[in-house]
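For reference, the structure is listed below as structure tokens.
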Amino acid sequence: MKNTLAALLTIVLFSVMGSALAQAATVPEPALTTALAALASPPGLDTGDTAWMLAAIALVVLMLIPGMALFYGGLARAKNVLSMLTQVFIVFSVVILLWCLYGYSLVFAGGNAFIGTLDKAFLQGVSPQSLVGSIPEYVFMLFQGSFAAVACALMVGAFAARMKFAAVLAFTVLWFTFSYVPLAHMGSHPIGQLLQMGTFDFSGGVAVHVNAAIAALIGAYMVGERLGYGKEAMLPHSLTLTMTGASLMWVGWLGFNAGSALGANAVAGIAFLNTLLTAAAAALAWMTCEAATKGRASLLGAVSGSVAGLVASTAGAPLIGPMGAMLLGLLAGIGGLWAVTRLKHMLGADDAYDVFALHGVPGIIGVLMTGVLAAPRFGGAGGVGYVVSDQLVIQFNALLITTIWSGVVAFAAFKLIDMLIGLRVTEQEEREGLDIYSHGESAYRSL
């Protein structure tokens with residue numbers, strides 16, 4: 001009886017499937033093809049530009065996960081490596097969702113000089129047919145969202161190894177909403193305050209790197225020093241991971257800077273070249289100075305220098321000439337080394353993985369030097385009548401606005417989170433390591 005019932009059910013199932021397939025086969029193929037073609041190629045779309053921008057998005061994601069995750073993971077002690085990988089991975093996930101829900105709208109949907117509107121919240125009005133220039137608006141939206149994710153994720157290196165996972169996520173949401181979004185609007189929207197001032201910031205040197213670095217420094221102060229800081233060695237557990245991460249960041253940064261041209265064009269080409277040159281010059285400058293002062297050049301110094309150069313290149317990637325890019329790299333490498341070896345101790349903050357030294361100081365150098373190197377006599381893109389001193393005042397004012405805005409928001413956010421859920425894990429949990437405490441896992445079986 002059971003076998004008969006099973007046979008009947010099988011016959012019925014195949015009959016239903018056959019009927020459904022027959023109905024599907026009656027859909028006119030030309031109509032379906034025409035609909036898909038219209039969706040894929042709205043009038044004004046440039047497929048070459050779109051292809052490059054899709055690749056640029058992938059490169060920026062690569063520089064974050066796995067690039068930045070591995071860079072920080074290698075710098076961590078073995079008991080905290082998974083916590084760093086997890087924080088970068090999940091911060092990216094949170095921010096890209098928030099960006100689609102309301103971030104994109106508040107940055108790019110009209111508004112005033114300081115904030116946009118919610119007209120495009122939940123991506124209302126954004127469709128496959130809507131374009132920004134020659135690329136689909138969806139592609140533009142995702143590219144800009146990847147910048148937001150980078151800004152939020154790079155901060156976690158400053159307060160690593162002692163902050164609650166829930167507190168990290170809460171801070172990410174608050175800082176993204178009240179610091180990144182307004183400053184990105186000010187620097188990216190045509191009516192934004194920084195853009196109206198005439199600020200040179202091609203790929204987010206102000207809104208991404210300086211903005212995040214200031215918040216990271218505030219966090220290092222407010223969360224406090226790691227247990228044993230200054231008394232016991234806190235060496236990177238795997239420079240192999242760090243070098244791999246830095247290399248992926250370098251590759252991804254090419255999409256970060258050259259993608260900001262929003263097309264496969266000459267602007268993207270010079271941004272691509274200058275990104276490579278600045279990072280290379282900074283890596284060599286850092287290693288050379290390190291060898292001169294310490295008697296040996298380290299891999300950690302080389303990769304740190306490259307990151308400093310990449311950060312410095314962001315503000316003016318296509319606005320300066322190749323020789324200017326090399327000079328900028330030299331200054332960023334020297335400035336980054338000074339920030340790690342001297343400024344960090346002067347500030348007295350336990351910025352665990354030198355976020356301010358590698359993103360804040362080189363970012364400031366890049367923003368200011370763009371004002372100088374954009375001059376035609378240095379091979380830059382400044383037009384006839386370009387006045388260096390006038391542009392330097394604008395660049396400095398942009399840095400001042402960013403520093404105050406980010407610092408106030410970060411302080412308020414950390415304070416609120418500390419009152420509600422607490423910022424820091426217990427002493428026992430910190431000694432045990434955040435891998436076990438926060439995630440119940442260990443990176444290596446021997447631990």
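By order in the structure tokens, chains are A, B, ...; within a chain, residues start at 1; ligands start at 1, following the order shown.
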**Message:** What's around Ala207 (chain A) at 10 Å? Count only C-alpha atoms, leave out sequence neighbours fewer than 5 positions away in its own chain, and write the answer as a ChimeraX atom specification.
**Reply:** /A:147-148,151,179-188,194,201,212,315,398-399,402,406
Using the selection just defined, write its residues with N, CA, C and O atoms as a PDB file, in the first residue's frame.
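Saved result, again35.pdb, follows:
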ATOM      1  N   PHE A 147      33.524  52.899   0.614  1.00  0.00           N
ATOM      2  CA  PHE A 147      34.339  53.892   1.310  1.00  0.00           C
ATOM      3  C   PHE A 147      33.895  54.031   2.763  1.00  0.00           C
ATOM      4  O   PHE A 147      34.715  54.144   3.677  1.00  0.00           O
ATOM      5  N   ALA A 148      32.581  54.063   2.970  1.00  0.00           N
ATOM      6  CA  ALA A 148      32.048  54.169   4.327  1.00  0.00           C
ATOM      7  C   ALA A 148      32.497  52.985   5.174  1.00  0.00           C
ATOM      8  O   ALA A 148      32.865  53.142   6.345  1.00  0.00           O
ATOM      9  N   ALA A 151      36.166  53.383   6.230  1.00  0.00           N
ATOM     10  CA  ALA A 151      36.332  54.377   7.290  1.00  0.00           C
ATOM     11  C   ALA A 151      35.988  53.795   8.656  1.00  0.00           C
ATOM     12  O   ALA A 151      36.707  54.015   9.640  1.00  0.00           O
ATOM     13  N   SER A 179      28.950  61.052  12.176  1.00  0.00           N
ATOM     14  CA  SER A 179      30.226  61.637  11.767  1.00  0.00           C
ATOM     15  C   SER A 179      30.533  61.359  10.304  1.00  0.00           C
ATOM     16  O   SER A 179      30.711  62.279   9.512  1.00  0.00           O
ATOM     17  N   TYR A 180      30.580  60.079   9.932  1.00  0.00           N
ATOM     18  CA  TYR A 180      30.945  59.781   8.550  1.00  0.00           C
ATOM     19  C   TYR A 180      29.943  60.355   7.562  1.00  0.00           C
ATOM     20  O   TYR A 180      30.323  61.021   6.581  1.00  0.00           O
ATOM     21  N   VAL A 181      28.672  60.105   7.790  1.00  0.00           N
ATOM     22  CA  VAL A 181      27.648  60.530   6.828  1.00  0.00           C
ATOM     23  C   VAL A 181      27.657  62.050   6.613  1.00  0.00           C
ATOM     24  O   VAL A 181      27.712  62.511   5.460  1.00  0.00           O
ATOM     25  N   PRO A 182      27.632  62.871   7.668  1.00  0.00           N
ATOM     26  CA  PRO A 182      27.668  64.322   7.417  1.00  0.00           C
ATOM     27  C   PRO A 182      28.942  64.787   6.716  1.00  0.00           C
ATOM     28  O   PRO A 182      28.886  65.623   5.797  1.00  0.00           O
ATOM     29  N   LEU A 183      30.098  64.271   7.145  1.00  0.00           N
ATOM     30  CA  LEU A 183      31.352  64.715   6.526  1.00  0.00           C
ATOM     31  C   LEU A 183      31.481  64.226   5.095  1.00  0.00           C
ATOM     32  O   LEU A 183      32.044  64.925   4.241  1.00  0.00           O
ATOM     33  N   ALA A 184      30.962  63.039   4.811  1.00  0.00           N
ATOM     34  CA  ALA A 184      30.966  62.561   3.428  1.00  0.00           C
ATOM     35  C   ALA A 184      30.064  63.438   2.562  1.00  0.00           C
ATOM     36  O   ALA A 184      30.392  63.740   1.405  1.00  0.00           O
ATOM     37  N   HIS A 185      28.928  63.850   3.104  1.00  0.00           N
ATOM     38  CA  HIS A 185      28.046  64.767   2.374  1.00  0.00           C
ATOM     39  C   HIS A 185      28.745  66.099   2.125  1.00  0.00           C
ATOM     40  O   HIS A 185      28.706  66.642   1.017  1.00  0.00           O
ATOM     41  N   MET A 186      29.406  66.620   3.158  1.00  0.00           N
ATOM     42  CA  MET A 186      30.097  67.906   3.016  1.00  0.00           C
ATOM     43  C   MET A 186      31.188  67.845   1.952  1.00  0.00           C
ATOM     44  O   MET A 186      31.453  68.828   1.256  1.00  0.00           O
ATOM     45  N   GLY A 187      31.837  66.679   1.822  1.00  0.00           N
ATOM     46  CA  GLY A 187      32.964  66.571   0.909  1.00  0.00           C
ATOM     47  C   GLY A 187      32.654  65.982  -0.443  1.00  0.00           C
ATOM     48  O   GLY A 187      33.487  66.058  -1.352  1.00  0.00           O
ATOM     49  N   SER A 188      31.435  65.393  -0.612  1.00  0.00           N
ATOM     50  CA  SER A 188      31.125  64.700  -1.860  1.00  0.00           C
ATOM     51  C   SER A 188      29.969  65.307  -2.638  1.00  0.00           C
ATOM     52  O   SER A 188      29.926  65.202  -3.861  1.00  0.00           O
ATOM     53  N   LEU A 194      32.418  71.372   2.532  1.00  0.00           N
ATOM     54  CA  LEU A 194      33.836  71.249   2.167  1.00  0.00           C
ATOM     55  C   LEU A 194      34.050  71.438   0.678  1.00  0.00           C
ATOM     56  O   LEU A 194      35.035  72.062   0.249  1.00  0.00           O
ATOM     57  N   ASP A 201      39.927  67.042  -2.350  1.00  0.00           N
ATOM     58  CA  ASP A 201      39.886  65.754  -1.657  1.00  0.00           C
ATOM     59  C   ASP A 201      39.252  64.737  -2.591  1.00  0.00           C
ATOM     60  O   ASP A 201      38.068  64.435  -2.500  1.00  0.00           O
ATOM     61  N   ALA A 212      38.306  59.190  10.396  1.00  0.00           N
ATOM     62  CA  ALA A 212      38.387  57.950  11.169  1.00  0.00           C
ATOM     63  C   ALA A 212      39.558  57.961  12.141  1.00  0.00           C
ATOM     64  O   ALA A 212      39.458  57.434  13.258  1.00  0.00           O
ATOM     65  N   ALA A 315      43.910  62.038  -1.124  1.00  0.00           N
ATOM     66  CA  ALA A 315      43.295  63.351  -1.351  1.00  0.00           C
ATOM     67  C   ALA A 315      43.544  63.887  -2.758  1.00  0.00           C
ATOM     68  O   ALA A 315      42.658  64.494  -3.361  1.00  0.00           O
ATOM     69  N   ALA A 398      39.456  72.676   6.087  1.00  0.00           N
ATOM     70  CA  ALA A 398      38.748  71.403   5.942  1.00  0.00           C
ATOM     71  C   ALA A 398      39.204  70.408   7.012  1.00  0.00           C
ATOM     72  O   ALA A 398      38.386  69.685   7.599  1.00  0.00           O
ATOM     73  N   LEU A 399      40.503  70.377   7.275  1.00  0.00           N
ATOM     74  CA  LEU A 399      41.033  69.504   8.322  1.00  0.00           C
ATOM     75  C   LEU A 399      40.519  69.926   9.697  1.00  0.00           C
ATOM     76  O   LEU A 399      40.197  69.070  10.536  1.00  0.00           O
ATOM     77  N   THR A 402      36.870  68.862  10.092  1.00  0.00           N
ATOM     78  CA  THR A 402      36.806  67.400  10.240  1.00  0.00           C
ATOM     79  C   THR A 402      37.255  66.968  11.631  1.00  0.00           C
ATOM     80  O   THR A 402      36.628  66.108  12.265  1.00  0.00           O
ATOM     81  N   SER A 406      34.535  65.158  14.014  1.00  0.00           N
ATOM     82  CA  SER A 406      34.779  63.754  14.339  1.00  0.00           C
ATOM     83  C   SER A 406      35.092  63.567  15.811  1.00  0.00           C
ATOM     84  O   SER A 406      34.612  62.621  16.451  1.00  0.00           O
TER      85      SER A 406
END
Selection: 9 Å around Ala261 (chain A), only C-alpha atoms, excl. self and same-chain fewer than 5 positions, as a ChimeraX atom specification: /A:202-203,266-269,271,318
CA of Ala413 (chain A) to CA of Phe178 (chain A), distance in Å rounded to a single decimal
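Spanning CA of Ala413 (chain A) to CA of Phe178 (chain A) is a straight-line distance of 9.2 Å.
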Requested in this report: Please provide the set of residues having any atom within 9 Å of Ser105 (chain A), restricted to only C-alpha atoms, with same-chain residues fewer than 5 positions apart removed, written as a ChimeraX atom specification.
Outcome: /A:99-100,110,116-124
Restricting the output to all heavy atoms, write the selected residues as a PDB file, in the first residue's frame.
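And here is the file that came out, out08.pdb:
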ATOM      1  N   TRP A  99      24.366  51.760   4.921  1.00  0.00           N
ATOM      2  CA  TRP A  99      24.547  52.635   3.770  1.00  0.00           C
ATOM      3  C   TRP A  99      23.345  52.536   2.827  1.00  0.00           C
ATOM      4  O   TRP A  99      22.841  53.557   2.339  1.00  0.00           O
ATOM      5  CB  TRP A  99      25.832  52.270   3.035  1.00  0.00           C
ATOM      6  CG  TRP A  99      26.118  53.120   1.838  1.00  0.00           C
ATOM      7  CD1 TRP A  99      25.967  52.779   0.521  1.00  0.00           C
ATOM      8  CD2 TRP A  99      26.601  54.478   1.838  1.00  0.00           C
ATOM      9  NE1 TRP A  99      26.325  53.815  -0.287  1.00  0.00           N
ATOM     10  CE2 TRP A  99      26.725  54.873   0.490  1.00  0.00           C
ATOM     11  CE3 TRP A  99      26.941  55.371   2.848  1.00  0.00           C
ATOM     12  CZ2 TRP A  99      27.175  56.137   0.128  1.00  0.00           C
ATOM     13  CZ3 TRP A  99      27.393  56.630   2.484  1.00  0.00           C
ATOM     14  CH2 TRP A  99      27.499  57.007   1.145  1.00  0.00           C
ATOM     15  N   CYS A 100      22.881  51.330   2.569  1.00  0.00           N
ATOM     16  CA  CYS A 100      21.736  51.143   1.676  1.00  0.00           C
ATOM     17  C   CYS A 100      20.437  51.627   2.323  1.00  0.00           C
ATOM     18  O   CYS A 100      19.550  52.136   1.631  1.00  0.00           O
ATOM     19  CB  CYS A 100      21.601  49.678   1.280  1.00  0.00           C
ATOM     20  SG  CYS A 100      22.941  49.074   0.222  1.00  0.00           S
ATOM     21  N   GLY A 110      20.397  65.520  -2.073  1.00  0.00           N
ATOM     22  CA  GLY A 110      20.082  66.925  -1.817  1.00  0.00           C
ATOM     23  C   GLY A 110      20.441  67.382  -0.425  1.00  0.00           C
ATOM     24  O   GLY A 110      21.506  67.069   0.098  1.00  0.00           O
ATOM     25  N   GLY A 116      22.300  65.553   3.897  1.00  0.00           N
ATOM     26  CA  GLY A 116      21.326  65.351   2.834  1.00  0.00           C
ATOM     27  C   GLY A 116      19.939  65.079   3.382  1.00  0.00           C
ATOM     28  O   GLY A 116      19.638  65.367   4.541  1.00  0.00           O
ATOM     29  N   THR A 117      19.095  64.499   2.556  1.00  0.00           N
ATOM     30  CA  THR A 117      17.719  64.192   2.943  1.00  0.00           C
ATOM     31  C   THR A 117      17.517  62.681   2.935  1.00  0.00           C
ATOM     32  O   THR A 117      18.407  61.916   2.567  1.00  0.00           O
ATOM     33  CB  THR A 117      16.721  64.828   1.970  1.00  0.00           C
ATOM     34  OG1 THR A 117      16.802  64.141   0.704  1.00  0.00           O
ATOM     35  CG2 THR A 117      17.028  66.304   1.765  1.00  0.00           C
ATOM     36  N   LEU A 118      16.310  62.271   3.327  1.00  0.00           N
ATOM     37  CA  LEU A 118      15.951  60.850   3.308  1.00  0.00           C
ATOM     38  C   LEU A 118      15.132  60.491   2.070  1.00  0.00           C
ATOM     39  O   LEU A 118      14.440  59.475   2.045  1.00  0.00           O
ATOM     40  CB  LEU A 118      15.176  60.488   4.580  1.00  0.00           C
ATOM     41  CG  LEU A 118      16.001  60.496   5.870  1.00  0.00           C
ATOM     42  CD1 LEU A 118      15.106  60.313   7.085  1.00  0.00           C
ATOM     43  CD2 LEU A 118      17.078  59.408   5.837  1.00  0.00           C
ATOM     44  N   ASP A 119      15.236  61.305   1.034  1.00  0.00           N
ATOM     45  CA  ASP A 119      14.452  61.059  -0.180  1.00  0.00           C
ATOM     46  C   ASP A 119      14.790  59.718  -0.831  1.00  0.00           C
ATOM     47  O   ASP A 119      13.950  59.121  -1.509  1.00  0.00           O
ATOM     48  CB  ASP A 119      14.675  62.182  -1.192  1.00  0.00           C
ATOM     49  CG  ASP A 119      14.049  63.494  -0.750  1.00  0.00           C
ATOM     50  OD1 ASP A 119      13.277  63.476   0.228  1.00  0.00           O
ATOM     51  OD2 ASP A 119      14.344  64.542  -1.371  1.00  0.00           O
ATOM     52  N   LYS A 120      16.031  59.245  -0.639  1.00  0.00           N
ATOM     53  CA  LYS A 120      16.430  57.969  -1.229  1.00  0.00           C
ATOM     54  C   LYS A 120      16.648  56.893  -0.169  1.00  0.00           C
ATOM     55  O   LYS A 120      17.343  55.894  -0.425  1.00  0.00           O
ATOM     56  CB  LYS A 120      17.691  58.143  -2.078  1.00  0.00           C
ATOM     57  CG  LYS A 120      17.460  58.997  -3.324  1.00  0.00           C
ATOM     58  CD  LYS A 120      18.636  58.945  -4.282  1.00  0.00           C
ATOM     59  CE  LYS A 120      18.325  59.726  -5.546  1.00  0.00           C
ATOM     60  NZ  LYS A 120      19.417  59.613  -6.555  1.00  0.00           N
ATOM     61  N   ALA A 121      16.061  57.094   1.012  1.00  0.00           N
ATOM     62  CA  ALA A 121      16.166  56.078   2.052  1.00  0.00           C
ATOM     63  C   ALA A 121      15.577  54.764   1.544  1.00  0.00           C
ATOM     64  O   ALA A 121      14.598  54.748   0.794  1.00  0.00           O
ATOM     65  CB  ALA A 121      15.420  56.536   3.308  1.00  0.00           C
ATOM     66  N   PHE A 122      16.185  53.666   1.958  1.00  0.00           N
ATOM     67  CA  PHE A 122      15.798  52.324   1.492  1.00  0.00           C
ATOM     68  C   PHE A 122      15.927  52.209  -0.031  1.00  0.00           C
ATOM     69  O   PHE A 122      15.261  51.409  -0.667  1.00  0.00           O
ATOM     70  CB  PHE A 122      14.373  51.976   1.938  1.00  0.00           C
ATOM     71  CG  PHE A 122      14.156  52.101   3.414  1.00  0.00           C
ATOM     72  CD1 PHE A 122      13.470  53.184   3.938  1.00  0.00           C
ATOM     73  CD2 PHE A 122      14.671  51.157   4.291  1.00  0.00           C
ATOM     74  CE1 PHE A 122      13.291  53.328   5.307  1.00  0.00           C
ATOM     75  CE2 PHE A 122      14.495  51.280   5.659  1.00  0.00           C
ATOM     76  CZ  PHE A 122      13.806  52.363   6.174  1.00  0.00           C
ATOM     77  N   LEU A 123      16.794  53.068  -0.592  1.00  0.00           N
ATOM     78  CA  LEU A 123      17.097  53.092  -2.031  1.00  0.00           C
ATOM     79  C   LEU A 123      15.869  53.399  -2.880  1.00  0.00           C
ATOM     80  O   LEU A 123      15.742  52.926  -4.014  1.00  0.00           O
ATOM     81  CB  LEU A 123      17.739  51.768  -2.463  1.00  0.00           C
ATOM     82  CG  LEU A 123      19.071  51.424  -1.773  1.00  0.00           C
ATOM     83  CD1 LEU A 123      19.650  50.150  -2.336  1.00  0.00           C
ATOM     84  CD2 LEU A 123      20.059  52.570  -1.872  1.00  0.00           C
ATOM     85  N   GLN A 124      14.954  54.219  -2.341  1.00  0.00           N
ATOM     86  CA  GLN A 124      13.814  54.660  -3.140  1.00  0.00           C
ATOM     87  C   GLN A 124      14.298  55.485  -4.333  1.00  0.00           C
ATOM     88  O   GLN A 124      15.142  56.367  -4.196  1.00  0.00           O
ATOM     89  CB  GLN A 124      12.889  55.541  -2.294  1.00  0.00           C
ATOM     90  CG  GLN A 124      12.274  54.838  -1.099  1.00  0.00           C
ATOM     91  CD  GLN A 124      11.444  55.801  -0.273  1.00  0.00           C
ATOM     92  OE1 GLN A 124      10.268  56.027  -0.569  1.00  0.00           O
ATOM     93  NE2 GLN A 124      12.047  56.382   0.753  1.00  0.00           N
TER      94      GLN A 124
END
Residues flagged alpha helix (DSSP H) by DSSP in region 63-206 of chain A, as a VMD selection string
chain A and resid 69 to 75 81 to 98 104 to 108 137 to 154 165 to 175 181 to 188 193 to 197
Measuring between only C-alpha atoms, which one of A:Leu300, A:Leu337, A:Met222, A:Leu241 shows the shortest distance to Gly407 (chain A)?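 The shortest atom-to-atom distance to Gly407 (chain A) comes from A:Met222.
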Checklist entry - Which one of A:Leu420, A:Ala160, A:Gly224, A:Gly245 sits closest to Ile65 (chain A) if you count only C-alpha atoms? => result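 Among the listed residues, the smallest separation from Ile65 (chain A) belongs to A:Gly245.
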re CA of Thr293 (chain A) and CA of Arg342 (chain A): distance 12.9 Å
Inset, instruction - Tell me, as a PyMOL selection string, which residues lie within 12 Å of Ala357 (chain A), counting only C-alpha atoms; anything in the same chain fewer than 3 positions away does not count. - result: chain A and resi 155+157-158+209-210+212-214+216-217+304-305+307-309+311-312+332-347+349-354+360-365
